[in-house]
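Asker: Encoded as structure tokens, here's the structure I'll be asking about.
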Amino acid sequence: MKKRVLALLLLVCMLCSSLLTGCVNAGTGGSEQTEDNYAATDALDAMQHVNTQELNIIDDNYRNVYEIFPYSFCDSNGDKIGDIQGIISKLDYIKDLGFNAIWITPVHPSPTYHKYDVTDYYDIDSSFGTIADYEQLIKECHDRGIDIYMDLVLNHTSNSHSWFQEASRYVRSLLPGEEPSAEECPYVEYYNFSKEQKSGWSKVGSEWYYECQFWSGMPDLNLDSEAVRKEIDNIVSFWLDKGVDGFRLDAVTSYYTGNNEKNIEFLTWLNKCIKDKKADAYIVGECWADCVTYSNYYESGVDSFFNFDFATNSGTIATILRGGNASTYGSKIVSTFDLIKAKNENAIDAGFTSNHDNGRVAGTLPGAKGKLKMAQAMAMMIGGSYYLYYGDEIGMKGSGDDENKRAPMQWVADPFGQGMCKGCTTKVIEHTNGTVESQQADKNSLYYYVQQAVKLRNTFPEIARGETTVIEECSNEEVVVLKKTYNGDELLIVMNISENVNTVDLSGVSVNGKETGDFKVVGTLLDTAEMVKKDGSTLEMPGYSIEFLK
Ligand code: CA
């Protein structure tokens, strides 16, 4: 009986607060399904359907981007290899999560499952589909307001690419003492050949070496070559003409290994090459480096570089969630913003937690589900665009070997179920924290949390586009209070980044000229059914909760 009364009370409180504030909430119910939690779930459903604030989707390049590793994402034809038609079949799923852009890792013909060694930049790998499938994908994305970013691997090709095949055949044919000539073989200048053996170079023929910084199967392109730049110009034109909205640039620090200045110079050329063809095209670069280093790359004019400082096992987000100081989250957002905007006033930060090269966040932060929820929210609240690696919305695990980080998307529990892929490893690894199917049936799931958090990004443009101020007097080891300002409008974000209950006194803080007592709760993200309690200017916040106020 007592449980029923409590449940009813909670339901009434939630409905009242939603009617007053119209909040977007996420996360109800503890991990055990009790009667209380079911009641809370009903209340959440009622609120979301009746009181969700209007979305405020702006057609610019600040987006929520869903990263797809096609081999492992969704199979449409029963060969257990993910494909373009599989991606098309999941666009509604992606849209329903609130994402309005996708980045697909390479889809060009290639001898590997990951396809980062391209043999033809103008085609689609036959295991993924055809050019016609890709054209359909672009159209189906655009029909849903989703932008599509193509992965552009320009540091190297496959050694099976016809350019390298011709170049290496020619170099092998050279007689001792003969120098290569681009007049005899134009492709010889597409790559870097030398008689000197250096680190990251492999032998070809009896006395020559070629640069291949990753491995011998990936010869580095000579990006100084005018002919190579003409090829790149053609490739970019080909796909922009088909309708892609932007590019993700692979391995930009390796363009000229160890030479940031030359890398930035090349990116400046490439940025202009792309934007001259399509002014609003979006470019994001993989500059796998610390913030001070990658901030310099913004001088190139490229819109975004992935924020590696906050991401991965050793980054700010994971460090804080393992017990680090919460207030550093705020101060680092401010210092990163200042650094990148000083180099390019149009810079768009690119927050994420993991990607196909990094251990998934669920492995980095074992234990409480609240940490996984908070990790995604922290990546979203940095500002700029937000990237989610497929499967992180359900807390998939995977670390160690690259193949483990690229496991089959867990749509359903049956490995032979609809859309399921075989994946790229034969090892048996437990990848789930619950499948998509099971989490869609559980309002307390990470899946629902991500959906609600993305909804907040789509409701309040301040989150992605605003400038951040840290309210220092309210922030401490476990709590950080951010004010985001965009177009003169302010949003207060109070984050309890710990498992403990924290009381936050907002006295003296003003938002949009309002005093604390007049603040309205416009959104809440919760780990469990435990609600945030607001009393005047004081918030009592359960562990891993976030309150949004205006
Ligand atoms: Ca397939």
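FYI, nothing fancy with the structure tokens labels: chains A, B, ... in order, residues from 1 per chain, ligands from 1 as they appear.
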Give the residues close to ligand 1, within 10 Å, counting only C-alpha atoms and all ligand atoms; write them as a CSV table (one decimal) with N, CA and C atoms, in the first residue's frame.

Answerer:
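Once everything was written out, this is part.csv:
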chain,number,residue,atom,x,y,z
A,70,PRO,N,30.2,0.8,-41.2
A,70,PRO,CA,29.2,0.1,-42.0
A,70,PRO,C,29.3,-1.4,-41.9
A,71,TYR,N,30.5,-2.0,-41.8
A,71,TYR,CA,30.7,-3.4,-41.8
A,71,TYR,C,29.8,-4.1,-40.7
A,72,SER,N,29.7,-3.4,-39.6
A,72,SER,CA,29.1,-4.0,-38.4
A,72,SER,C,27.8,-3.4,-38.0
A,73,PHE,N,27.2,-2.5,-38.8
A,73,PHE,CA,26.0,-1.8,-38.4
A,73,PHE,C,24.7,-2.5,-38.7
A,74,CYS,N,24.4,-2.7,-39.9
A,74,CYS,CA,23.1,-3.3,-40.2
A,74,CYS,C,23.2,-4.0,-41.6
A,75,ASP,N,22.9,-5.3,-41.6
A,75,ASP,CA,22.9,-6.1,-42.8
A,75,ASP,C,21.5,-6.2,-43.4
A,76,SER,N,21.4,-6.0,-44.7
A,76,SER,CA,20.0,-6.0,-45.3
A,76,SER,C,19.8,-7.2,-46.1
A,77,ASN,N,20.9,-8.0,-46.5
A,77,ASN,CA,20.6,-9.0,-47.5
A,77,ASN,C,21.0,-10.4,-47.0
A,78,GLY,N,21.3,-10.5,-45.7
A,78,GLY,CA,21.5,-11.9,-45.2
A,78,GLY,C,22.9,-12.4,-45.3
A,79,ASP,N,23.9,-11.6,-45.8
A,79,ASP,CA,25.3,-12.1,-45.8
A,79,ASP,C,26.0,-11.8,-44.6
A,80,LYS,N,25.4,-11.1,-43.6
A,80,LYS,CA,25.9,-10.8,-42.3
A,80,LYS,C,26.9,-9.7,-42.3
A,81,ILE,N,27.1,-9.0,-43.5
A,81,ILE,CA,28.0,-7.9,-43.6
A,81,ILE,C,27.1,-6.7,-43.7
A,82,GLY,N,27.3,-5.7,-42.9
A,82,GLY,CA,26.5,-4.5,-42.9
A,82,GLY,C,26.6,-3.8,-44.3
A,83,ASP,N,25.6,-3.1,-44.7
A,83,ASP,CA,25.6,-2.5,-46.0
A,83,ASP,C,24.8,-1.2,-46.1
A,84,ILE,N,24.9,-0.6,-47.2
A,84,ILE,CA,24.2,0.7,-47.4
A,84,ILE,C,22.7,0.6,-47.2
A,85,GLN,N,22.1,-0.4,-47.8
A,85,GLN,CA,20.7,-0.6,-47.6
A,85,GLN,C,20.3,-0.8,-46.1
A,86,GLY,N,21.2,-1.5,-45.4
A,86,GLY,CA,21.0,-1.6,-44.0
A,86,GLY,C,21.0,-0.3,-43.3
A,126,SER,N,31.7,-3.4,-53.1
A,126,SER,CA,30.6,-4.3,-53.6
A,126,SER,C,29.9,-5.0,-52.4
A,127,SER,N,30.7,-5.2,-51.3
A,127,SER,CA,30.0,-5.9,-50.1
A,127,SER,C,29.1,-4.9,-49.4
A,128,PHE,N,29.2,-3.6,-49.7
A,128,PHE,CA,28.3,-2.6,-49.0
A,128,PHE,C,27.2,-2.2,-50.0
A,129,GLY,N,27.4,-2.4,-51.3
A,129,GLY,CA,26.3,-2.0,-52.2
A,129,GLY,C,26.9,-1.3,-53.5
A,419,GLY,N,18.8,-7.7,-39.3
A,419,GLY,CA,19.9,-6.6,-39.4
A,419,GLY,C,21.2,-7.0,-38.7
A,420,MET,N,21.3,-8.1,-38.0
A,420,MET,CA,22.5,-8.4,-37.2
A,420,MET,C,23.6,-8.8,-38.2
A,421,CYS,N,24.8,-8.3,-37.9
A,421,CYS,CA,26.0,-8.6,-38.6
A,421,CYS,C,26.9,-9.6,-37.9
A,422,LYS,N,27.9,-10.2,-38.7
A,422,LYS,CA,28.7,-11.2,-38.1
A,422,LYS,C,29.9,-10.5,-37.3

Asker: Hey, what does DSSP flag as strand (DSSP E or B) within segment 487-516 of chain A? Can you give it to me as a ChimeraX atom specification?

Answerer: /A:489-496,502-505,511,514

Asker: Find the residues around segment 374-384 of chain A up to 7 Å (only C-alpha atoms counted), leave out those fewer than 5 positions away in its own chain, and share them as an MDAnalysis selection string.

Answerer: chainID A and resid 62 317 333 348:353 453 463:465 544

Asker: Determine which residues of segment 116-321 of chain A receive a DSSP assignment of helix (DSSP H, G or I), computed from the backbone, and state them as a count of residues only.

Answerer: 84

Asker: Give me, please, the distance in Å between atom CA of Cys287 of chain A and atom CA of Leu97 of chain A, quoted to one decimal.

Answerer: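 Going from atom CA of Cys287 of chain A over to atom CA of Leu97 of chain A covers 27.6 Å.
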
Asker: What does the distance between atom CA of Thr257 of chain A and atom CA of His356 of chain A come to in Å, to one decimal place?

Answerer: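 The value is 21.7 Å.
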
Asker: Within 6 Å of segment 541-543 of chain A, counting only C-alpha atoms, which residues show up once you throw out same-chain ones fewer than 6 positions away? Write them as a PyMOL selection string, please.

Answerer: chain A and resi 498-502+532

Asker: Got a sec: who's within 6 Å of Met218 of chain A, counting only C-alpha atoms, leaving out chain neighbours fewer than 2 positions off, as an MDAnalysis selection string?

Answerer: chainID A and resid 156:159 212 215:216

Asker: Figure out the distance between atom CA of Thr119 of chain A and atom CA of Lys272 of chain A, please, to one decimal in Å.

Answerer: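 Distance reported for this atom pair: 25.4 Å.
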
Asker: Env of Glu54 of chain A: 10 Å cut, atoms = only C-alpha atoms, seq-sep filter 5 positions within chain, self excluded. Answer as number ranges by chain.

Answerer: A: 22, 455, 458-460

Asker: Between A:Cys474, A:Ile232, A:Ile148, A:Val171, which one has atoms that come closest to Lys203 of chain A, using only C-alpha atoms?

Answerer: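 Comparing A:Cys474, A:Ile232, A:Ile148, A:Val171 against Lys203 of chain A, the winner is A:Val171.
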
Asker: Excluding segment 288-303 of chain A and any residue of its chain fewer than 3 positions from it, enumerate the residues within 9 Å of it, using only C-alpha atoms, and give them as a PyMOL selection string.

Answerer: chain A and resi 61+251-253+260-261+263-272+282-285+306-309+336+339-344+346-349
